[in-house]
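Source file run25.pdb; content: PDB, C-alpha atoms and all ligand atoms.
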ATOM      1  CA  MET A   1     -21.825 -61.655 -91.376
ATOM      2  CA  ARG A   2     -23.269 -59.256 -93.916
ATOM      3  CA  VAL A   3     -25.837 -57.064 -92.180
ATOM      4  CA  THR A   4     -29.053 -56.636 -94.170
ATOM      5  CA  ALA A   5     -31.130 -54.644 -91.678
ATOM      6  CA  THR A   6     -30.623 -53.299 -88.184
ATOM      7  CA  GLY A   7     -33.020 -51.564 -85.826
ATOM      8  CA  VAL A   8     -32.134 -48.487 -83.794
ATOM      9  CA  CYS A   9     -32.812 -49.312 -80.134
ATOM     10  CA  HIS A  10     -32.768 -47.148 -77.014
ATOM     11  CA  THR A  11     -29.788 -49.091 -75.745
ATOM     12  CA  ASP A  12     -27.759 -47.757 -78.687
ATOM     13  CA  LEU A  13     -28.735 -44.252 -77.671
ATOM     14  CA  ASN A  14     -27.737 -45.041 -74.085
ATOM     15  CA  ALA A  15     -24.376 -46.333 -75.275
ATOM     16  CA  LYS A  16     -23.896 -43.323 -77.552
ATOM     17  CA  ASN A  17     -24.535 -41.067 -74.572
ATOM     18  CA  GLY A  18     -21.857 -42.930 -72.581
ATOM     19  CA  ASN A  19     -24.433 -44.403 -70.232
ATOM     20  CA  PHE A  20     -23.225 -47.930 -69.921
ATOM     21  CA  VAL A  21     -20.161 -48.778 -71.943
ATOM     22  CA  PRO A  22     -17.101 -46.826 -70.863
ATOM     23  CA  ASP A  23     -14.898 -47.872 -73.763
ATOM     24  CA  PHE A  24     -14.831 -45.657 -76.828
ATOM     25  CA  PRO A  25     -14.524 -45.964 -79.788
ATOM     26  CA  ILE A  26     -17.665 -48.042 -79.858
ATOM     27  CA  LEU A  27     -19.600 -49.584 -82.726
ATOM     28  CA  LEU A  28     -23.317 -49.201 -82.034
ATOM     29  CA  GLY A  29     -26.150 -51.494 -83.164
ATOM     30  CA  HIS A  30     -27.312 -54.797 -81.694
ATOM     31  CA  GLU A  31     -30.682 -55.606 -83.288
ATOM     32  CA  ALA A  32     -29.862 -57.080 -86.669
ATOM     33  CA  ALA A  33     -30.618 -59.553 -89.401
ATOM     34  CA  GLY A  34     -28.113 -60.646 -91.989
ATOM     35  CA  VAL A  35     -26.554 -63.379 -94.049
ATOM     36  CA  VAL A  36     -23.582 -65.481 -92.978
ATOM     37  CA  GLU A  37     -20.699 -64.964 -95.387
ATOM     38  CA  GLU A  38     -17.966 -66.903 -93.611
ATOM     39  CA  VAL A  39     -17.663 -69.191 -90.595
ATOM     40  CA  GLY A  40     -14.663 -70.029 -88.432
ATOM     41  CA  GLU A  41     -13.008 -73.419 -88.233
ATOM     42  CA  GLY A  42     -15.144 -76.089 -86.592
ATOM     43  CA  VAL A  43     -18.393 -74.108 -86.796
ATOM     44  CA  SER A  44     -21.266 -76.312 -87.979
ATOM     45  CA  LYS A  45     -24.104 -73.898 -87.218
ATOM     46  CA  PRO A  46     -24.894 -71.451 -88.709
ATOM     47  CA  ARG A  47     -23.724 -72.257 -92.227
ATOM     48  CA  VAL A  48     -22.511 -69.956 -94.966
ATOM     49  CA  GLY A  49     -25.564 -68.505 -96.717
ATOM     50  CA  ASP A  50     -27.883 -68.859 -93.713
ATOM     51  CA  THR A  51     -30.207 -65.976 -92.921
ATOM     52  CA  VAL A  52     -29.710 -65.162 -89.260
ATOM     53  CA  VAL A  53     -30.915 -62.833 -86.551
ATOM     54  CA  LEU A  54     -28.278 -61.824 -84.027
ATOM     55  CA  ASN A  55     -28.680 -62.619 -80.356
ATOM     56  CA  TRP A  56     -26.937 -60.503 -77.741
ATOM     57  CA  ARG A  57     -27.712 -62.986 -74.977
ATOM     58  CA  ALA A  58     -26.341 -66.283 -76.280
ATOM     59  CA  PRO A  59     -25.968 -68.553 -73.233
ATOM     60  CA  CYS A  60     -22.410 -69.732 -72.540
ATOM     61  CA  GLY A  61     -23.613 -73.301 -71.850
ATOM     62  CA  ASP A  62     -21.154 -73.779 -69.024
ATOM     63  CA  CYS A  63     -22.075 -71.627 -66.024
ATOM     64  CA  ARG A  64     -24.195 -72.458 -63.009
ATOM     65  CA  ALA A  65     -27.369 -71.016 -64.611
ATOM     66  CA  CYS A  66     -26.816 -72.793 -67.933
ATOM     67  CA  LEU A  67     -26.033 -76.103 -66.246
ATOM     68  CA  ALA A  68     -29.092 -75.741 -64.017
ATOM     69  CA  GLY A  69     -31.304 -75.541 -67.112
ATOM     70  CA  ARG A  70     -31.874 -71.779 -66.831
ATOM     71  CA  PRO A  71     -29.820 -70.541 -69.795
ATOM     72  CA  GLU A  72     -31.916 -67.364 -70.003
ATOM     73  CA  LYS A  73     -30.299 -66.338 -66.712
ATOM     74  CA  CYS A  74     -26.729 -66.881 -67.968
ATOM     75  CA  PRO A  75     -24.569 -64.074 -66.547
ATOM     76  CA  THR A  76     -21.737 -64.593 -69.037
ATOM     77  CA  PRO A  77     -23.224 -64.639 -72.550
ATOM     78  CA  ALA A  78     -21.002 -65.771 -75.408
ATOM     79  CA  VAL A  79     -19.189 -63.021 -77.312
ATOM     80  CA  ALA A  80     -16.972 -63.116 -80.380
ATOM     81  CA  ARG A  81     -13.187 -63.403 -80.068
ATOM     82  CA  PRO A  82     -10.988 -62.025 -81.429
ATOM     83  CA  ARG A  83     -12.273 -58.534 -80.864
ATOM     84  CA  MET A  84     -12.798 -56.112 -83.721
ATOM     85  CA  ARG A  85     -10.342 -53.285 -84.262
ATOM     86  CA  THR A  86     -10.468 -49.876 -85.890
ATOM     87  CA  ARG A  87      -8.526 -49.247 -89.094
ATOM     88  CA  ASP A  88      -5.616 -47.862 -87.071
ATOM     89  CA  GLY A  89      -5.526 -50.906 -84.818
ATOM     90  CA  LYS A  90      -7.330 -49.655 -81.710
ATOM     91  CA  PRO A  91      -9.712 -52.066 -79.954
ATOM     92  CA  LEU A  92     -13.282 -51.367 -81.027
ATOM     93  CA  SER A  93     -15.891 -52.065 -78.373
ATOM     94  CA  ARG A  94     -19.373 -53.037 -79.473
ATOM     95  CA  VAL A  95     -22.807 -52.587 -78.008
ATOM     96  CA  LEU A  96     -23.850 -55.818 -76.297
ATOM     97  CA  GLY A  97     -21.000 -57.618 -78.047
ATOM     98  CA  LEU A  98     -22.484 -57.179 -81.536
ATOM     99  CA  GLY A  99     -21.980 -53.865 -83.387
ATOM    100  CA  THR A 100     -24.358 -53.883 -86.343
ATOM    101  CA  PHE A 101     -24.378 -50.302 -87.629
ATOM    102  CA  ALA A 102     -21.959 -51.534 -90.288
ATOM    103  CA  THR A 103     -22.160 -53.469 -93.527
ATOM    104  CA  HIS A 104     -20.431 -56.454 -91.897
ATOM    105  CA  THR A 105     -19.754 -57.654 -88.384
ATOM    106  CA  VAL A 106     -18.041 -60.627 -86.706
ATOM    107  CA  VAL A 107     -19.944 -62.548 -84.052
ATOM    108  CA  HIS A 108     -19.746 -65.762 -82.029
ATOM    109  CA  ALA A 109     -21.482 -68.667 -83.794
ATOM    110  CA  ALA A 110     -23.913 -68.903 -80.878
ATOM    111  CA  GLN A 111     -24.935 -65.273 -81.458
ATOM    112  CA  ALA A 112     -26.203 -65.953 -84.997
ATOM    113  CA  VAL A 113     -29.542 -67.749 -84.942
ATOM    114  CA  PRO A 114     -30.858 -69.092 -88.262
ATOM    115  CA  VAL A 115     -34.352 -67.960 -89.260
ATOM    116  CA  PRO A 116     -36.363 -68.648 -92.435
ATOM    117  CA  ALA A 117     -34.879 -66.800 -95.418
ATOM    118  CA  SER A 118     -38.440 -65.753 -96.284
ATOM    119  CA  MET A 119     -38.540 -63.351 -93.320
ATOM    120  CA  PRO A 120     -38.250 -59.728 -94.519
ATOM    121  CA  PRO A 121     -34.997 -58.379 -93.015
ATOM    122  CA  GLU A 122     -36.557 -55.145 -91.753
ATOM    123  CA  VAL A 123     -38.863 -57.078 -89.443
ATOM    124  CA  ALA A 124     -36.604 -60.071 -88.711
ATOM    125  CA  CYS A 125     -34.009 -57.756 -87.162
ATOM    126  CA  LEU A 126     -36.522 -56.505 -84.602
ATOM    127  CA  LEU A 127     -36.770 -59.959 -83.049
ATOM    128  CA  GLY A 128     -33.158 -59.524 -81.923
ATOM    129  CA  CYS A 129     -33.925 -57.068 -79.146
ATOM    130  CA  GLY A 130     -37.168 -55.122 -78.848
ATOM    131  CA  VAL A 131     -39.651 -57.787 -79.858
ATOM    132  CA  LEU A 132     -38.339 -60.709 -77.815
ATOM    133  CA  THR A 133     -37.760 -58.383 -74.856
ATOM    134  CA  GLY A 134     -41.407 -57.372 -74.884
ATOM    135  CA  VAL A 135     -43.121 -60.592 -75.938
ATOM    136  CA  GLY A 136     -40.784 -62.563 -73.651
ATOM    137  CA  ALA A 137     -41.718 -60.407 -70.656
ATOM    138  CA  ALA A 138     -45.368 -61.389 -71.151
ATOM    139  CA  LEU A 139     -44.617 -65.037 -71.964
ATOM    140  CA  TYR A 140     -41.740 -65.891 -69.635
ATOM    141  CA  ALA A 141     -40.486 -63.226 -67.229
ATOM    142  CA  ALA A 142     -43.937 -62.602 -65.736
ATOM    143  CA  PRO A 143     -46.320 -64.827 -67.695
ATOM    144  CA  VAL A 144     -49.678 -63.188 -68.286
ATOM    145  CA  GLU A 145     -52.527 -65.276 -66.912
ATOM    146  CA  ALA A 146     -55.417 -65.896 -69.298
ATOM    147  CA  GLY A 147     -58.361 -63.690 -68.373
ATOM    148  CA  SER A 148     -56.281 -61.317 -66.263
ATOM    149  CA  SER A 149     -55.801 -57.556 -66.492
ATOM    150  CA  VAL A 150     -52.343 -56.169 -67.166
ATOM    151  CA  CYS A 151     -50.836 -52.752 -67.666
ATOM    152  CA  VAL A 152     -48.019 -51.748 -70.024
ATOM    153  CA  ILE A 153     -46.205 -48.500 -69.290
ATOM    154  CA  GLY A 154     -44.324 -46.976 -72.239
ATOM    155  CA  CYS A 155     -45.551 -47.778 -75.742
ATOM    156  CA  GLY A 156     -42.409 -47.971 -77.856
ATOM    157  CA  ALA A 157     -41.393 -51.113 -79.731
ATOM    158  CA  VAL A 158     -40.882 -53.030 -76.483
ATOM    159  CA  GLY A 159     -44.190 -51.900 -75.003
ATOM    160  CA  MET A 160     -46.088 -52.800 -78.182
ATOM    161  CA  SER A 161     -44.458 -56.227 -77.994
ATOM    162  CA  VAL A 162     -45.540 -56.719 -74.377
ATOM    163  CA  ILE A 163     -49.073 -55.802 -75.504
ATOM    164  CA  GLN A 164     -48.892 -58.434 -78.242
ATOM    165  CA  GLY A 165     -47.515 -61.022 -75.793
ATOM    166  CA  ALA A 166     -50.371 -60.278 -73.405
ATOM    167  CA  ARG A 167     -52.853 -60.734 -76.249
ATOM    168  CA  LEU A 168     -51.222 -64.037 -77.227
ATOM    169  CA  ARG A 169     -51.623 -65.156 -73.589
ATOM    170  CA  ARG A 170     -55.317 -64.186 -73.711
ATOM    171  CA  ALA A 171     -55.313 -61.352 -71.215
ATOM    172  CA  ALA A 172     -58.827 -59.978 -70.758
ATOM    173  CA  ARG A 173     -57.674 -56.411 -70.369
ATOM    174  CA  VAL A 174     -54.468 -54.849 -71.644
ATOM    175  CA  ILE A 175     -54.130 -51.252 -70.474
ATOM    176  CA  ALA A 176     -51.551 -49.210 -72.381
ATOM    177  CA  VAL A 177     -50.032 -46.136 -70.741
ATOM    178  CA  ASP A 178     -47.982 -43.435 -72.458
ATOM    179  CA  VAL A 179     -47.631 -39.675 -72.563
ATOM    180  CA  LYS A 180     -47.992 -39.475 -76.360
ATOM    181  CA  ALA A 181     -51.495 -39.652 -77.822
ATOM    182  CA  ALA A 182     -50.162 -40.998 -81.151
ATOM    183  CA  LYS A 183     -48.558 -43.976 -79.404
ATOM    184  CA  LEU A 184     -51.755 -44.732 -77.515
ATOM    185  CA  ASP A 185     -53.652 -44.814 -80.813
ATOM    186  CA  LEU A 186     -51.097 -47.292 -82.142
ATOM    187  CA  ALA A 187     -51.299 -49.354 -78.948
ATOM    188  CA  LEU A 188     -54.959 -50.087 -79.736
ATOM    189  CA  ARG A 189     -53.859 -51.500 -83.092
ATOM    190  CA  PHE A 190     -51.365 -53.800 -81.366
ATOM    191  CA  GLY A 191     -54.063 -55.226 -79.101
ATOM    192  CA  ALA A 192     -54.456 -52.901 -76.128
ATOM    193  CA  THR A 193     -58.042 -52.919 -74.880
ATOM    194  CA  ASP A 194     -57.757 -49.590 -73.049
ATOM    195  CA  VAL A 195     -55.387 -46.645 -73.072
ATOM    196  CA  VAL A 196     -54.486 -44.127 -70.392
ATOM    197  CA  ASP A 197     -52.747 -40.842 -71.195
ATOM    198  CA  ALA A 198     -50.217 -40.190 -68.421
ATOM    199  CA  SER A 199     -49.321 -36.710 -69.663
ATOM    200  CA  ALA A 200     -52.089 -35.146 -67.608
ATOM    201  CA  GLY A 201     -50.838 -36.456 -64.259
ATOM    202  CA  ASP A 202     -50.720 -39.644 -62.205
ATOM    203  CA  PRO A 203     -52.750 -42.274 -64.058
ATOM    204  CA  THR A 204     -52.912 -44.733 -61.127
ATOM    205  CA  LYS A 205     -56.562 -44.140 -60.314
ATOM    206  CA  ALA A 206     -57.706 -44.549 -63.914
ATOM    207  CA  ILE A 207     -55.732 -47.769 -64.363
ATOM    208  CA  ARG A 208     -56.998 -49.284 -61.130
ATOM    209  CA  ALA A 209     -60.559 -48.391 -62.062
ATOM    210  CA  LEU A 210     -60.248 -49.977 -65.515
ATOM    211  CA  ALA A 211     -58.787 -53.133 -63.980
ATOM    212  CA  GLY A 212     -61.481 -53.472 -61.330
ATOM    213  CA  GLY A 213     -59.152 -52.645 -58.437
ATOM    214  CA  GLY A 214     -55.706 -53.354 -59.854
ATOM    215  CA  VAL A 215     -53.777 -55.345 -62.447
ATOM    216  CA  SER A 216     -52.130 -58.704 -61.925
ATOM    217  CA  ALA A 217     -49.001 -57.570 -63.726
ATOM    218  CA  ALA A 218     -47.614 -54.165 -64.694
ATOM    219  CA  TYR A 219     -44.759 -53.943 -67.194
ATOM    220  CA  ASP A 220     -42.470 -50.920 -67.020
ATOM    221  CA  CYS A 221     -40.848 -50.482 -70.416
ATOM    222  CA  VAL A 222     -39.376 -47.098 -69.508
ATOM    223  CA  GLY A 223     -37.053 -47.858 -66.588
ATOM    224  CA  ILE A 224     -37.193 -44.716 -64.469
ATOM    225  CA  PRO A 225     -38.261 -44.532 -60.808
ATOM    226  CA  ALA A 226     -41.573 -42.793 -61.576
ATOM    227  CA  THR A 227     -42.739 -45.504 -63.983
ATOM    228  CA  LEU A 228     -41.642 -48.417 -61.811
ATOM    229  CA  GLN A 229     -43.346 -46.875 -58.787
ATOM    230  CA  GLN A 230     -46.424 -46.469 -60.956
ATOM    231  CA  ALA A 231     -46.207 -50.128 -61.981
ATOM    232  CA  LEU A 232     -46.134 -51.174 -58.333
ATOM    233  CA  SER A 233     -48.961 -48.838 -57.414
ATOM    234  CA  VAL A 234     -51.394 -50.239 -59.994
ATOM    235  CA  CYS A 235     -50.935 -53.918 -59.047
ATOM    236  CA  HIS A 236     -53.605 -55.626 -57.027
ATOM    237  CA  GLU A 237     -52.515 -57.589 -53.958
ATOM    238  CA  GLY A 238     -49.983 -60.196 -54.941
ATOM    239  CA  GLY A 239     -49.442 -58.667 -58.379
ATOM    240  CA  THR A 240     -46.107 -58.351 -60.169
ATOM    241  CA  ALA A 241     -44.317 -55.201 -61.308
ATOM    242  CA  VAL A 242     -41.737 -55.932 -63.974
ATOM    243  CA  LEU A 243     -38.771 -53.702 -64.805
ATOM    244  CA  ILE A 244     -37.985 -54.091 -68.516
ATOM    245  CA  GLY A 245     -36.605 -50.696 -69.590
ATOM    246  CA  MET A 246     -32.916 -50.282 -68.835
ATOM    247  CA  PRO A 247     -32.241 -47.657 -66.164
ATOM    248  CA  VAL A 248     -29.301 -45.329 -66.723
ATOM    249  CA  PRO A 249     -26.397 -45.900 -64.308
ATOM    250  CA  ARG A 250     -26.781 -44.959 -60.642
ATOM    251  CA  THR A 251     -30.574 -44.752 -60.772
ATOM    252  CA  GLU A 252     -32.146 -45.232 -57.347
ATOM    253  CA  MET A 253     -35.789 -45.509 -56.359
ATOM    254  CA  ALA A 254     -37.481 -44.651 -53.075
ATOM    255  CA  LEU A 255     -40.007 -47.257 -51.991
ATOM    256  CA  SER A 256     -42.383 -47.357 -49.039
ATOM    257  CA  LEU A 257     -41.556 -50.720 -47.489
ATOM    258  CA  THR A 258     -44.706 -50.511 -45.427
ATOM    259  CA  LYS A 259     -46.931 -50.160 -48.475
ATOM    260  CA  PHE A 260     -44.918 -52.774 -50.359
ATOM    261  CA  PHE A 261     -45.276 -55.248 -47.486
ATOM    262  CA  TYR A 262     -49.044 -54.957 -47.450
ATOM    263  CA  THR A 263     -49.391 -55.337 -51.232
ATOM    264  CA  ARG A 264     -47.542 -58.690 -51.109
ATOM    265  CA  ALA A 265     -46.362 -57.727 -54.578
ATOM    266  CA  THR A 266     -43.460 -59.129 -56.553
ATOM    267  CA  LEU A 267     -40.923 -56.714 -57.980
ATOM    268  CA  LYS A 268     -38.951 -58.279 -60.767
ATOM    269  CA  ALA A 269     -36.376 -57.264 -63.380
ATOM    270  CA  THR A 270     -35.764 -58.961 -66.701
ATOM    271  CA  PHE A 271     -33.233 -58.792 -69.523
ATOM    272  CA  PHE A 272     -34.498 -59.720 -72.977
ATOM    273  CA  GLY A 273     -37.829 -60.843 -71.481
ATOM    274  CA  ASP A 274     -36.111 -63.978 -70.118
ATOM    275  CA  GLY A 275     -36.327 -65.183 -73.715
ATOM    276  CA  LEU A 276     -34.078 -67.696 -75.380
ATOM    277  CA  ALA A 277     -33.260 -66.761 -78.960
ATOM    278  CA  THR A 278     -32.697 -70.272 -80.289
ATOM    279  CA  ARG A 279     -36.151 -71.279 -79.092
ATOM    280  CA  ASP A 280     -37.972 -67.981 -79.556
ATOM    281  CA  PHE A 281     -36.733 -66.457 -82.828
ATOM    282  CA  PRO A 282     -38.187 -69.356 -84.865
ATOM    283  CA  LEU A 283     -41.339 -69.289 -82.716
ATOM    284  CA  LEU A 284     -41.827 -65.552 -83.326
ATOM    285  CA  CYS A 285     -41.132 -65.979 -87.061
ATOM    286  CA  GLY A 286     -43.900 -68.583 -87.172
ATOM    287  CA  LEU A 287     -46.328 -66.298 -85.350
ATOM    288  CA  TYR A 288     -45.504 -63.457 -87.753
ATOM    289  CA  GLN A 289     -45.913 -65.636 -90.816
ATOM    290  CA  ARG A 290     -49.301 -66.864 -89.574
ATOM    291  CA  GLY A 291     -50.427 -63.278 -88.988
ATOM    292  CA  GLU A 292     -50.501 -63.599 -85.195
ATOM    293  CA  LEU A 293     -47.686 -61.146 -84.478
ATOM    294  CA  LYS A 294     -47.542 -57.658 -85.960
ATOM    295  CA  LEU A 295     -43.997 -56.709 -86.916
ATOM    296  CA  ASP A 296     -44.381 -54.567 -90.048
ATOM    297  CA  GLU A 297     -46.357 -52.082 -87.978
ATOM    298  CA  LEU A 298     -43.363 -51.602 -85.650
ATOM    299  CA  VAL A 299     -41.229 -50.161 -88.442
ATOM    300  CA  THR A 300     -41.789 -46.411 -88.449
ATOM    301  CA  ARG A 301     -39.239 -45.800 -91.183
ATOM    302  CA  LYS A 302     -36.572 -47.513 -93.223
ATOM    303  CA  MET A 303     -33.441 -45.518 -93.901
ATOM    304  CA  GLY A 304     -29.761 -45.539 -94.732
ATOM    305  CA  LEU A 305     -26.877 -45.462 -92.274
ATOM    306  CA  GLY A 306     -26.384 -41.754 -93.030
ATOM    307  CA  ASP A 307     -29.729 -40.946 -91.400
ATOM    308  CA  LEU A 308     -28.714 -42.360 -88.027
ATOM    309  CA  ASP A 309     -28.370 -39.041 -86.206
ATOM    310  CA  GLU A 310     -31.852 -38.072 -87.299
ATOM    311  CA  ALA A 311     -33.178 -41.444 -86.127
ATOM    312  CA  PHE A 312     -31.682 -40.863 -82.669
ATOM    313  CA  ALA A 313     -33.182 -37.366 -82.560
ATOM    314  CA  GLN A 314     -36.614 -38.718 -83.491
ATOM    315  CA  MET A 315     -36.265 -41.427 -80.856
ATOM    316  CA  GLU A 316     -35.426 -38.845 -78.205
ATOM    317  CA  ARG A 317     -38.538 -36.906 -79.167
ATOM    318  CA  GLY A 318     -40.607 -40.088 -78.868
ATOM    319  CA  GLU A 319     -41.715 -40.007 -82.495
ATOM    320  CA  THR A 320     -40.785 -43.518 -83.601
ATOM    321  CA  LEU A 321     -41.440 -47.107 -82.701
ATOM    322  CA  ARG A 322     -38.450 -48.326 -84.691
ATOM    323  CA  SER A 323     -36.225 -46.821 -87.324
ATOM    324  CA  VAL A 324     -34.545 -49.557 -89.322
ATOM    325  CA  ILE A 325     -31.298 -49.105 -91.222
ATOM    326  CA  MET A 326     -31.280 -51.075 -94.473
ATOM    327  CA  PHE A 327     -28.143 -52.217 -96.285
ATOM    328  CA  GLN A 328     -28.111 -53.130 -99.950
ATOM    329  CA  GLY A 329     -26.956 -56.670-100.776
TER     330      GLY A 329
HETATM  331 ZN    ZN B   1     -24.022 -69.557 -68.992
HETATM  332 ZN    ZN B   2     -31.948 -53.188 -77.756
END

Can you present the structure in this file as structure tokens?
Ligand SMILES: [Zn+2]
Ligand SMILES: [Zn+2]
Amino acid sequence: MRVTATGVCHTDLNAKNGNFVPDFPILLGHEAAGVVEEVGEGVSKPRVGDTVVLNWRAPCGDCRACLAGRPEKCPTPAVARPRMRTRDGKPLSRVLGLGTFATHTVVHAAQAVPVPASMPPEVACLLGCGVLTGVGAALYAAPVEAGSSVCVIGCGAVGMSVIQGARLRRAARVIAVDVKAAKLDLALRFGATDVVDASAGDPTKAIRALAGGGVSAAYDCVGIPATLQQALSVCHEGGTAVLIGMPVPRTEMALSLTKFFYTRATLKATFFGDGLATRDFPLLCGLYQRGELKLDELVTRKMGLGDLDEAFAQMERGETLRSVIMFQG
């Protein structure tokens, strides 16, 4: 596949820092749009010339979860074989089985999901990780109830997508939490009804007050103990705290079982928002094209591959929603 645009996601930074893939050399990048240039023998979908968005969680179709009709829970997603190699013949590992910080990549047919060619590549690529992760969390992993109050902790591209999902599900109150004032301003544009600046200390009281006692769901897009504990602490009785942000290896969290017992809360983790790319990429494209999903606003900057180090530095400083690497056709 020829890559046309690829977003720079936190998971790439995690992989770059050696946080979850032990095998170097590694080709980073997993949030991409492109055009199919060649297909293997027997592949009927996608076809040569199709515009596609890559999917790092393509269900295998054959495991217990897939056969039980829960493909979003598939533990063994499809990956391309044969594996890619470096110029001197060494195996090249790839982030989430994709590797898109390159002009071309080779993927499993099931990982390339056709989307309308009219989708601008710089926004189509975002569907492939951040957007479906966030919107999916609000639609599927812990569906927002119409009229309810929810809280979103961490307002990067994923958090903004949870906010949009909550708005699509008609939440009455969407409380955005971040430590950066600029991101809170943006959160209002994505549909947050209230914002809480967590840089001044524990925001639990403020969130609970805004939500009239507590939220029915709190989405942690950061993935550290402090934010997940915060998510649990702002839920009303029977609420759900959702872990979306990927914790670095060997992260542990202390939890008061006594408090947890009395909240009757649900603590839940999700990959990719429990989304299903073949169903959801076209759905999200439709929402975007009808003006019901903001994607252009997620792109902080477009750049060339040579600016990648700067993009990672800006991400670490919390200055971007998404940097998108563009390739010329
Ligand atoms: Zn499976
Ligand atoms: Zn990602």

For this session: Using the chain letters and numbers from the file, give me the residues hit by the PyMOL selection byres (((chain A and resi 24-39) around 6) and not hetatm), as a count of residues only.
Result: 29

Kindly assemble as JSON lines a list of the chain A residues that lie within 6 Å of ligand ZN 2 (chain B), each paired with its nearest atom pair and their distance in Å to one decimal, using all atoms listed in the file, sorted first by chain and then by ascending residue number.
{"residue": "A:Cys9", "atom": "CA", "partner": "B:ZN2", "partner_atom": "ZN", "distance": 4.6}
{"residue": "A:Thr11", "atom": "CA", "partner": "B:ZN2", "partner_atom": "ZN", "distance": 5.0}
{"residue": "A:Cys129", "atom": "CA", "partner": "B:ZN2", "partner_atom": "ZN", "distance": 4.6}
{"residue": "A:Gly130", "atom": "CA", "partner": "B:ZN2", "partner_atom": "ZN", "distance": 5.7}

Write the residues of the preceding selection, restricted to C-alpha atoms, as a PDB file, in the coordinates of the input.
ATOM      1  CA  CYS A   9     -32.812 -49.312 -80.134  1.00  0.00           C
ATOM      2  CA  THR A  11     -29.788 -49.091 -75.745  1.00  0.00           C
ATOM      3  CA  CYS A 129     -33.925 -57.068 -79.146  1.00  0.00           C
ATOM      4  CA  GLY A 130     -37.168 -55.122 -78.848  1.00  0.00           C
TER       5      GLY A 130
END

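Using all atoms listed in the file, residues with at least one atom at most 8 Å away from any atom of ligand ZN 1 (chain B) are A:Pro59, A:Cys60, A:Gly61, A:Asp62, A:Cys63, A:Arg64, A:Ala65, A:Cys66, A:Leu67, A:Pro71, A:Lys73, A:Cys74, A:Pro75, A:Thr76, A:Pro77.
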
Seminar exercise, completed: If you count all atoms listed in the file, the residue of A:Ala171, A:Cys285, A:Met246, A:Val196 closest to Leu127 of chain A turns out to be A:Cys285

Exercise. Using only C-alpha atoms, what residues lie at most 7 Å away from (-41.9, -66.0, -91.6) (file coordinates), given as a PyMOL selection string?
Worked result: chain A and resi 116+118-119+285-286+288-289

For this session: Output the residue selection produced by the PyMOL selection byres (((chain A and resi 135) around 10) and not hetatm) on the file above, formatted as a PyMOL selection string.
Result: chain A and resi 127+130-134+136-141+143+158-169+272-275+280+284+293

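Closest approach to Glu310 of chain A from the set A:Ala217, A:Ser323, A:Leu188, A:Asp178 is made by A:Ser323, with distances taken over only C-alpha atoms.
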
Problem set entry | Separation of atom CA of Val242 of chain A from atom CA of Leu228 of chain A in Å | 7.8 Å

Starting from the PyMOL selection byres (((chain A and resi 297) around 9) and not hetatm), expand the selection into actual residues of this file and give them as a PDB file with C-alpha atoms, keeping the file's coordinate frame.
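Listing of selection25.pdb after writing:
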ATOM      1  CA  LEU A 186     -51.097 -47.292 -82.142  1.00  0.00           C
ATOM      2  CA  ARG A 189     -53.859 -51.500 -83.092  1.00  0.00           C
ATOM      3  CA  PHE A 190     -51.365 -53.800 -81.366  1.00  0.00           C
ATOM      4  CA  LYS A 294     -47.542 -57.658 -85.960  1.00  0.00           C
ATOM      5  CA  LEU A 295     -43.997 -56.709 -86.916  1.00  0.00           C
ATOM      6  CA  ASP A 296     -44.381 -54.567 -90.048  1.00  0.00           C
ATOM      7  CA  LEU A 298     -43.363 -51.602 -85.650  1.00  0.00           C
ATOM      8  CA  VAL A 299     -41.229 -50.161 -88.442  1.00  0.00           C
ATOM      9  CA  THR A 300     -41.789 -46.411 -88.449  1.00  0.00           C
ATOM     10  CA  LEU A 321     -41.440 -47.107 -82.701  1.00  0.00           C
TER      11      LEU A 321
END

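Candidate residues A:Val179, A:Val195, A:Val107, A:Ala117 were compared for distance to Arg317 of chain A, and the nearest is A:Val179, using all atoms listed in the file.
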
Exercise. Between atom CA of His10 of chain A and atom CA of Ile325 of chain A, what is the spacing in Å?
Worked result: 14.4 Å

Exercise. Separation of atom CA of Gly223 of chain A and atom CA of Gly18 of chain A, in Å?
Worked result: 17.1 Å

Neighbours of Glu319 of chain A within 9 Å (only C-alpha atoms; same-chain residues fewer than 4 positions away dropped), as a compact mmCIF listing (two decimals) with C-alpha atoms, in the frame of the given file?
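result_13.txt, written as the output of this step:
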# COMPACT_ATOMS: atom_id res chain seq x y z
CA LYS A 180 -47.99 -39.48 -76.36
CA ALA A 182 -50.16 -41.00 -81.15
CA LYS A 183 -48.56 -43.98 -79.40
CA THR A 300 -41.79 -46.41 -88.45
CA ALA A 313 -33.18 -37.37 -82.56
CA GLN A 314 -36.61 -38.72 -83.49
CA MET A 315 -36.26 -41.43 -80.86

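Ranking A:Val106, A:Pro247, A:Trp56, A:Gly239 by their shortest atom-to-atom distance to Glu145 of chain A, with only C-alpha atoms included, puts A:Gly239 first.
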